[in-house]
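As stored in query_18.tsv (TSV, C-alpha atoms):
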```
chain	number	residue	atom	x	y	z
L	27	MET	CA	0.00	0.00	0.00
L	28	PRO	CA	1.48	3.39	-0.92
L	29	ARG	CA	2.68	5.42	2.07
L	30	GLY	CA	0.33	8.29	2.91
L	31	ARG	CA	-2.85	6.31	2.22
L	32	SER	CA	-5.05	4.36	4.61
L	33	CYS	CA	-7.09	1.30	3.83
L	34	CYS	CA	-10.54	0.03	4.82
L	35	THR	CA	-13.00	-2.65	3.73
L	36	ILE	CA	-16.50	-1.76	2.55
L	37	GLY	CA	-19.01	-4.38	1.55
L	38	GLY	CA	-16.33	-7.02	1.14
L	39	MET	CA	-14.31	-4.78	-1.18
L	40	GLN	CA	-11.12	-3.02	-0.21
L	41	ALA	CA	-11.14	0.74	-0.67
L	42	THR	CA	-8.47	3.32	-0.08
L	43	HIS	CA	-8.82	6.92	0.88
L	44	PRO	CA	-6.12	9.54	1.25
L	45	LEU	CA	-5.04	11.04	4.52
L	46	LEU	CA	-5.48	14.76	5.00
L	47	PRO	CA	-3.70	16.73	2.26
L	48	GLY	CA	-0.03	17.25	2.96
L	49	THR	CA	0.21	14.55	5.63
L	50	GLN	CA	2.36	11.42	5.73
L	51	ALA	CA	1.55	8.12	7.40
L	52	PRO	CA	3.92	7.52	10.37
L	53	LEU	CA	6.34	4.62	10.11
L	54	PRO	CA	5.28	1.33	11.71
L	55	GLY	CA	6.11	1.09	15.40
L	56	PRO	CA	8.88	-1.53	15.04
L	57	GLU	CA	10.66	0.59	12.43
L	58	ALA	CA	10.40	3.68	14.63
L	59	ALA	CA	11.78	1.70	17.58
L	60	LEU	CA	14.66	0.36	15.45
L	61	ILE	CA	15.61	3.90	14.43
L	62	GLY	CA	15.48	4.84	18.12
L	63	LEU	CA	17.90	2.02	18.98
L	64	ALA	CA	20.24	3.14	16.21
L	65	ALA	CA	20.09	6.72	17.53
L	66	PHE	CA	20.83	5.45	21.05
L	67	ALA	CA	23.92	3.66	19.70
L	68	VAL	CA	25.08	6.85	17.97
L	69	VAL	CA	24.63	8.84	21.18
L	70	MET	CA	26.62	6.30	23.17
L	71	VAL	CA	29.51	5.77	20.70
L	72	PRO	CA	32.37	8.12	21.70
L	73	PHE	CA	33.62	9.02	18.21
L	74	LEU	CA	30.08	9.75	16.93
L	75	TRP	CA	28.89	11.68	19.96
L	76	PRO	CA	30.69	14.98	19.12
L	77	LEU	CA	28.54	15.37	15.99
L	78	VAL	CA	25.35	14.84	17.95
L	79	ASP	CA	26.63	17.06	20.74
L	80	GLN	CA	26.91	19.95	18.27
L	81	LEU	CA	23.24	19.46	17.35
L	82	ASP	CA	22.36	19.36	21.04
L	83	THR	CA	24.28	22.57	21.72
L	84	MET	CA	22.51	24.39	18.87
L	85	ALA	CA	19.17	23.36	20.37
L	86	HIS	CA	20.33	24.28	23.90
L	87	GLU	CA	21.49	27.79	22.99
L	88	GLY	CA	18.59	28.22	20.59
L	89	ALA	CA	16.19	27.54	23.46
L	90	HIS	CA	17.95	30.15	25.62
L	91	ALA	CA	17.74	32.70	22.81
L	92	ALA	CA	14.12	31.95	21.90
L	93	VAL	CA	12.83	32.19	25.47
L	94	ALA	CA	14.92	35.31	26.15
L	95	SER	CA	13.34	36.98	23.11
L	96	VAL	CA	9.86	35.98	24.23
L	97	MET	CA	10.63	37.33	27.70
L	98	GLY	CA	11.46	40.70	26.15
L	99	PHE	CA	15.24	40.54	26.56
L	100	THR	CA	17.67	41.65	23.87
L	101	VAL	CA	19.84	38.77	22.67
L	102	LEU	CA	23.27	40.13	21.76
L	103	GLY	CA	24.60	36.93	20.28
L	104	VAL	CA	25.33	33.22	20.58
L	105	THR	CA	28.66	31.39	20.44
L	106	LEU	CA	29.31	27.70	19.75
L	107	ASP	CA	32.79	26.19	19.94
L	108	GLN	CA	34.31	22.97	18.58
L	109	GLN	CA	34.01	21.26	21.98
L	110	SER	CA	30.22	21.81	21.90
L	111	ASN	CA	30.32	24.51	24.53
L	112	GLY	CA	27.97	27.40	23.95
L	113	ALA	CA	26.86	30.70	25.41
L	114	THR	CA	23.98	33.09	24.86
L	115	TYR	CA	24.65	36.75	25.58
L	116	LEU	CA	21.89	39.08	26.77
L	117	ALA	CA	21.86	42.85	27.08
L	118	PRO	CA	22.71	44.31	30.52
L	119	GLY	CA	19.79	44.50	32.88
L	120	SER	CA	18.34	41.12	31.88
L	121	SER	CA	17.40	39.92	35.35
L	122	GLY	CA	14.44	38.93	37.52
L	123	PRO	CA	12.08	35.94	37.31
L	124	ARG	CA	12.16	36.10	33.51
L	125	ARG	CA	15.92	35.56	33.65
L	126	LEU	CA	15.31	32.48	35.76
L	127	LEU	CA	13.15	30.89	33.07
L	128	THR	CA	15.64	31.85	30.37
L	129	GLY	CA	18.46	30.18	32.27
L	130	PHE	CA	16.44	27.09	33.15
L	131	VAL	CA	15.18	26.22	29.69
L	132	GLY	CA	18.55	25.47	28.04
L	133	TYR	CA	18.96	21.88	29.16
L	134	LEU	CA	15.34	21.17	28.29
L	135	GLY	CA	15.71	22.74	24.84
L	136	PRO	CA	16.84	19.67	22.84
L	137	SER	CA	14.18	17.53	24.51
L	138	GLY	CA	11.53	20.19	23.88
L	139	PHE	CA	12.41	20.42	20.20
L	140	GLY	CA	12.51	16.61	19.98
L	141	LEU	CA	9.12	16.34	21.65
L	142	SER	CA	7.64	18.89	19.25
L	143	ALA	CA	9.08	16.97	16.30
L	144	ALA	CA	7.63	13.70	17.63
L	145	LYS	CA	4.18	15.28	17.83
L	146	LEU	CA	4.45	16.57	14.27
L	147	ILE	CA	5.42	13.07	13.13
L	148	GLU	CA	2.56	11.47	15.03
L	149	THR	CA	0.04	13.83	13.42
L	150	GLY	CA	1.34	13.10	9.92
L	151	HIS	CA	3.56	16.15	9.42
L	152	ALA	CA	7.01	14.57	9.37
L	153	VAL	CA	8.23	16.69	6.45
L	154	CYS	CA	7.31	19.84	8.40
L	155	VAL	CA	10.01	18.89	10.90
L	156	LEU	CA	12.68	19.52	8.27
L	157	TRP	CA	11.25	22.91	7.33
L	158	VAL	CA	10.82	24.02	10.94
L	159	ALA	CA	14.36	22.87	11.79
L	160	ALA	CA	15.79	24.76	8.80
L	161	ILE	CA	13.92	27.96	9.71
L	162	LEU	CA	15.03	27.78	13.35
L	163	LEU	CA	18.64	27.21	12.32
L	164	VAL	CA	18.52	30.21	9.96
L	165	LEU	CA	17.21	32.35	12.83
L	166	LEU	CA	20.00	31.01	15.05
L	167	LEU	CA	22.57	31.85	12.36
L	168	PHE	CA	21.61	35.54	12.57
L	169	LEU	CA	22.60	35.45	16.26
L	170	VAL	CA	25.86	33.53	15.97
L	171	ARG	CA	28.94	35.53	16.84
L	172	ARG	CA	32.43	34.82	15.57
L	173	SER	CA	32.95	31.24	16.72
L	174	PHE	CA	32.78	27.69	15.39
L	175	GLY	CA	29.04	28.28	15.04
L	176	VAL	CA	29.62	30.27	11.85
L	177	VAL	CA	30.71	26.94	10.33
L	178	SER	CA	28.56	24.38	12.13
L	179	VAL	CA	25.19	26.14	11.81
L	180	PRO	CA	25.46	26.79	8.03
L	181	ALA	CA	26.66	23.21	7.59
L	182	ALA	CA	23.55	21.93	9.39
L	183	ILE	CA	21.32	24.17	7.24
L	184	ALA	CA	23.02	22.95	4.05
L	185	LEU	CA	22.59	19.32	5.13
L	186	LEU	CA	18.88	19.85	5.71
L	187	ALA	CA	18.58	21.56	2.31
L	188	VAL	CA	20.21	18.57	0.61
L	189	VAL	CA	17.85	16.18	2.36
L	190	MET	CA	14.76	18.22	1.42
L	191	ARG	CA	15.93	18.57	-2.18
L	192	TYR	CA	17.23	15.12	-3.01
L	193	ALA	CA	15.99	12.52	-0.49
L	194	HIS	CA	12.96	10.47	-1.49
L	195	ASP	CA	9.93	10.32	0.79
L	196	GLY	CA	10.91	7.15	2.63
L	197	LEU	CA	14.45	8.34	3.33
L	198	GLU	CA	13.17	11.74	4.46
L	199	GLU	CA	10.99	10.06	7.06
L	200	VAL	CA	13.84	7.93	8.36
L	201	ILE	CA	16.06	11.02	8.68
L	202	VAL	CA	13.32	12.96	10.49
L	203	TYR	CA	12.79	10.08	12.92
L	204	GLY	CA	16.56	9.89	13.47
L	205	MET	CA	16.82	13.64	14.15
L	206	THR	CA	13.93	13.44	16.60
L	207	TRP	CA	15.39	10.51	18.53
L	208	LEU	CA	18.81	12.18	18.62
L	209	LEU	CA	17.36	15.36	20.12
L	210	LEU	CA	15.44	13.42	22.75
L	211	LEU	CA	18.35	11.16	23.69
L	212	SER	CA	21.12	13.78	23.55
L	213	GLY	CA	19.11	16.04	25.85
L	214	ALA	CA	18.99	13.32	28.49
L	215	ARG	CA	22.64	12.36	28.05
L	216	ASN	CA	23.89	15.91	28.58
L	217	ALA	CA	21.53	16.54	31.49
L	218	VAL	CA	22.94	13.46	33.22
L	219	ALA	CA	26.58	14.03	32.19
L	220	HIS	CA	26.75	17.70	33.17
L	221	GLY	CA	24.52	17.42	36.22
L	222	ALA	CA	25.15	19.88	39.03
L	223	ARG	CA	28.43	20.95	37.39
L	224	ALA	CA	26.56	22.67	34.56
L	225	GLY	CA	27.18	26.38	34.18
L	226	ASP	CA	23.44	26.98	33.99
L	227	ALA	CA	23.03	25.29	37.38
L	228	GLY	CA	25.52	27.75	38.85
L	229	LEU	CA	23.67	30.68	37.30
L	230	LEU	CA	20.34	29.48	38.69
L	231	ARG	CA	21.85	28.98	42.14
L	232	THR	CA	23.08	32.59	42.06
L	233	ILE	CA	19.62	33.83	41.10
L	234	THR	CA	17.57	31.69	43.52
L	235	HIS	CA	20.06	30.46	46.19
L	236	LEU	CA	18.65	26.97	45.61
L	237	PRO	CA	21.22	24.15	45.34
L	238	ARG	CA	22.71	23.26	41.98
L	239	TRP	CA	21.70	19.60	42.34
L	240	LEU	CA	18.03	20.57	42.44
L	241	TRP	CA	18.22	22.14	38.98
L	242	ALA	CA	20.15	19.16	37.66
L	243	ALA	CA	17.50	16.79	39.03
L	244	LEU	CA	14.74	18.80	37.34
L	245	TRP	CA	16.59	18.69	34.00
L	246	ILE	CA	17.17	14.95	34.24
L	247	ALA	CA	13.54	14.29	35.16
L	248	GLY	CA	12.31	16.54	32.33
L	249	THR	CA	14.51	14.99	29.65
L	250	LEU	CA	13.65	11.42	30.68
L	251	LEU	CA	9.95	12.29	30.68
L	252	ALA	CA	10.37	13.73	27.17
L	253	ILE	CA	11.88	10.43	25.99
L	254	ALA	CA	8.95	8.50	27.47
L	255	ILE	CA	6.31	10.75	25.90
L	256	GLY	CA	8.13	11.23	22.60
L	257	GLY	CA	8.84	7.51	22.37
L	258	LYS	CA	5.15	6.76	22.84
L	259	TRP	CA	4.22	9.18	20.06
L	260	LEU	CA	6.82	7.72	17.73
L	261	VAL	CA	6.40	4.01	18.45
L	262	LEU	CA	2.95	3.42	19.92
L	263	ARG	CA	1.15	6.60	18.86
L	264	SER	CA	-2.02	7.82	20.58
```

So, in terms of structure tokens, how does the structure I just supplied come out?
Amino acid sequence: MPRGRSCCTIGGMQATHPLLPGTQAPLPGPEAALIGLAAFAVVMVPFLWPLVDQLDTMAHEGAHAAVASVMGFTVLGVTLDQQSNGATYLAPGSSGPRRLLTGFVGYLGPSGFGLSAAKLIETGHAVCVLWVAAILLVLLLFLVRRSFGVVSVPAAIALLAVVMRYAHDGLEEVIVYGMTWLLLLSGARNAVAHGARAGDAGLLRTITHLPRWLWAALWIAGTLLAIAIGGKWLVLRS
């Protein structure tokens, strides 16, 4: 049966009807789970992790910048280095409860983007994930200061453009599923690996006087919950 069409039986005869215009049928659960296992292997393999870590850092700093803008702060720029360290610079005077949310959201950023992508996939809009990712990366590029980000972000945009231009429908879906799993899994890995040592945890402790480990625990809980919910949407679907 062609992908993007559903099937039913009427009066002993099989009939097909299209899904909503512009939608794509999600991959079968076992295939989605297999892609998830492959993504888990990539996240855990030391020589492959730096590539995924760059993607995670873009999502992390992008989340800081996006929330800061929504909160009314002026984002002066973003830096990304070759070791996947990043920083988002705000104009002086960016403080208060809004600054707390801006600082907290970074480690949940990759998981949040992954969760959003999983929902788009579940609702039949897998291709939209590529377009949304490309648009967000272009917006991030406008904020990138002189750093490795001026190479890595355009490279990610170019890679997405190649996929959207040349990949056939089936391959596009596999790539979108892979991107989504990588965002979900990398978010959890970094939340666990950085823990209370994270720079954001120190910033939040300064703002609130609450211990660093509390923020780390919240990030770990949030990223693991995102994997559970996103995995359900990708594999079991609602």

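Straight-line separation from CA of His86 (chain L) to CA of Gly196 (chain L): 28.9 Å.
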
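CA of Pro180 (chain L) to CA of Ala117 (chain L) spans 25.2 Å [interatomic distance, one decimal].
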
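Across L:Val170, L:Ala144, L:Val71, L:Leu63, the tightest approach to Leu106 (chain L) is made by L:Val170 when counting all atoms listed in the file.
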
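For the atom pair formed by CA of Val93 (chain L) and CA of Leu77 (chain L), the distance is 24.9 Å, given to one decimal.
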
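Residues in contact with Leu230 (chain L) at up to 8 Å, not including ones fewer than 6 positions away on its chain and judged by all atoms listed in the file, are L:Leu126, L:Gly129, L:Phe130, L:Leu236, L:Arg238, L:Trp241.
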
All residues 12 Å or closer to Leu229 (chain L), all atoms listed in the file, same chain fewer than 3 positions away omitted, as a ChimeraX atom specification: /L:121,125-130,132,222-226,232-238,241

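Considering the residues L:Leu162, L:Ala85, L:Val200, L:Leu156 and counting all atoms listed in the file, Ile61 (chain L) has its shortest atom-to-atom contact with L:Val200.
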
Need the shell around Ala160 (chain L): protein/DNA/RNA residues with any atom at most 9 Å away, counting all atoms listed in the file. Skip same-chain ones fewer than 2 positions apart. Format as an MDAnalysis selection string? chainID L and resid 155:158 162:165 182:184 186:187

Ala254 (chain L): which residues within 12 Å, counting all atoms listed in the file, same-chain residues fewer than 3 positions away excluded, as a PyMOL selection string? chain L and resi 62+137+140-141+144+207+210-211+214+247-251+257-263

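The shortest atom-to-atom distance to Ala92 (chain L), with all atoms listed in the file taken into account, belongs to L:Leu169 out of L:Met190, L:Leu169, L:Ala143, L:Ala65.
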
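Nearest residue to Tyr203 (chain L), choosing from L:Leu146, L:Ala67, L:Ala91, L:Leu74 and counting only C-alpha atoms: L:Leu146.
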
Return the padded bounding box of region 128-138 of chain L as JSON: axis-aligned, built from all atoms listed in the file, 3 Å added on each side, with centre and edge lengths in Å to one decimal.
```
{"center_x": 15.2, "center_y": 24.7, "center_z": 28.0, "size_x": 13.4, "size_y": 20.3, "size_z": 16.3}
```

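In terms of minimum interatomic distance to Phe66 (chain L), L:Val78 ranks closest within L:Arg124, L:Val78, L:Ala217, L:Phe99, counting all atoms listed in the file.
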
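Comparing the minimum interatomic distances between Met70 (chain L) and each of L:Asn216, L:Ser95, L:Trp239, L:Gln109, counting all atoms listed in the file, we find that L:Asn216 sits nearest.
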
Could region 90-115 of chain L be completed with N, CA and C atoms and written as an mmCIF file, in the frame of the given file, please?
```
data_model
loop_
_atom_site.group_PDB
_atom_site.id
_atom_site.type_symbol
_atom_site.label_atom_id
_atom_site.label_comp_id
_atom_site.auth_asym_id
_atom_site.auth_seq_id
_atom_site.Cartn_x
_atom_site.Cartn_y
_atom_site.Cartn_z
ATOM 1 N N HIS L 90 17.648 28.959 24.819
ATOM 2 C CA HIS L 90 17.950 30.150 25.620
ATOM 3 C C HIS L 90 17.544 31.414 24.865
ATOM 4 N N ALA L 91 17.981 31.499 23.607
ATOM 5 C CA ALA L 91 17.740 32.700 22.810
ATOM 6 C C ALA L 91 16.256 32.914 22.538
ATOM 7 N N ALA L 92 15.547 31.828 22.224
ATOM 8 C CA ALA L 92 14.120 31.950 21.900
ATOM 9 C C ALA L 92 13.329 32.417 23.114
ATOM 10 N N VAL L 93 13.577 31.809 24.267
ATOM 11 C CA VAL L 93 12.830 32.190 25.470
ATOM 12 C C VAL L 93 13.213 33.601 25.912
ATOM 13 N N ALA L 94 14.495 33.954 25.789
ATOM 14 C CA ALA L 94 14.920 35.310 26.150
ATOM 15 C C ALA L 94 14.193 36.338 25.297
ATOM 16 N N SER L 95 14.050 36.054 24.004
ATOM 17 C CA SER L 95 13.340 36.980 23.110
ATOM 18 C C SER L 95 11.883 37.106 23.503
ATOM 19 N N VAL L 96 11.262 35.966 23.819
ATOM 20 C CA VAL L 96 9.860 35.980 24.230
ATOM 21 C C VAL L 96 9.687 36.744 25.538
ATOM 22 N N MET L 97 10.671 36.633 26.415
ATOM 23 C CA MET L 97 10.630 37.330 27.700
ATOM 24 C C MET L 97 10.893 38.829 27.575
ATOM 25 N N GLY L 98 11.233 39.272 26.364
ATOM 26 C CA GLY L 98 11.460 40.700 26.150
ATOM 27 C C GLY L 98 12.899 41.137 26.295
ATOM 28 N N PHE L 99 13.832 40.187 26.460
ATOM 29 C CA PHE L 99 15.240 40.540 26.560
ATOM 30 C C PHE L 99 15.844 40.749 25.177
ATOM 31 N N THR L 100 16.930 41.472 25.111
ATOM 32 C CA THR L 100 17.670 41.650 23.870
ATOM 33 C C THR L 100 18.802 40.643 23.824
ATOM 34 N N VAL L 101 18.787 39.770 22.828
ATOM 35 C CA VAL L 101 19.840 38.770 22.670
ATOM 36 C C VAL L 101 20.956 39.380 21.834
ATOM 37 N N LEU L 102 22.135 39.506 22.443
ATOM 38 C CA LEU L 102 23.270 40.130 21.760
ATOM 39 C C LEU L 102 23.979 39.171 20.834
ATOM 40 N N GLY L 103 23.930 37.891 21.137
ATOM 41 C CA GLY L 103 24.600 36.930 20.280
ATOM 42 C C GLY L 103 24.718 35.566 20.932
ATOM 43 N N VAL L 104 25.144 34.591 20.135
ATOM 44 C CA VAL L 104 25.330 33.220 20.580
ATOM 45 C C VAL L 104 26.677 32.726 20.063
ATOM 46 N N THR L 105 27.408 32.003 20.891
ATOM 47 C CA THR L 105 28.660 31.390 20.440
ATOM 48 C C THR L 105 28.580 29.880 20.621
ATOM 49 N N LEU L 106 29.223 29.162 19.710
ATOM 50 C CA LEU L 106 29.310 27.700 19.750
ATOM 51 C C LEU L 106 30.741 27.334 19.408
ATOM 52 N N ASP L 107 31.412 26.548 20.251
ATOM 53 C CA ASP L 107 32.790 26.190 19.940
ATOM 54 C C ASP L 107 32.890 24.737 19.485
ATOM 55 N N GLN L 108 34.103 24.310 19.127
ATOM 56 C CA GLN L 108 34.310 22.970 18.580
ATOM 57 C C GLN L 108 34.123 21.886 19.626
ATOM 58 N N GLN L 109 34.212 22.238 20.903
ATOM 59 C CA GLN L 109 34.010 21.260 21.980
ATOM 60 C C GLN L 109 32.552 21.203 22.415
ATOM 61 N N SER L 110 31.669 21.798 21.624
ATOM 62 C CA SER L 110 30.220 21.810 21.900
ATOM 63 C C SER L 110 29.876 22.560 23.168
ATOM 64 N N ASN L 111 30.681 23.568 23.480
ATOM 65 C CA ASN L 111 30.320 24.510 24.530
ATOM 66 C C ASN L 111 29.642 25.693 23.866
ATOM 67 N N GLY L 112 28.680 26.272 24.539
ATOM 68 C CA GLY L 112 27.970 27.400 23.950
ATOM 69 C C GLY L 112 27.636 28.444 24.991
ATOM 70 N N ALA L 113 27.270 29.619 24.512
ATOM 71 C CA ALA L 113 26.860 30.700 25.410
ATOM 72 C C ALA L 113 25.899 31.615 24.667
ATOM 73 N N THR L 114 24.922 32.122 25.398
ATOM 74 C CA THR L 114 23.980 33.090 24.860
ATOM 75 C C THR L 114 24.133 34.377 25.645
ATOM 76 N N TYR L 115 24.360 35.476 24.941
ATOM 77 C CA TYR L 115 24.650 36.750 25.580
ATOM 78 C C TYR L 115 23.429 37.662 25.510
#
```
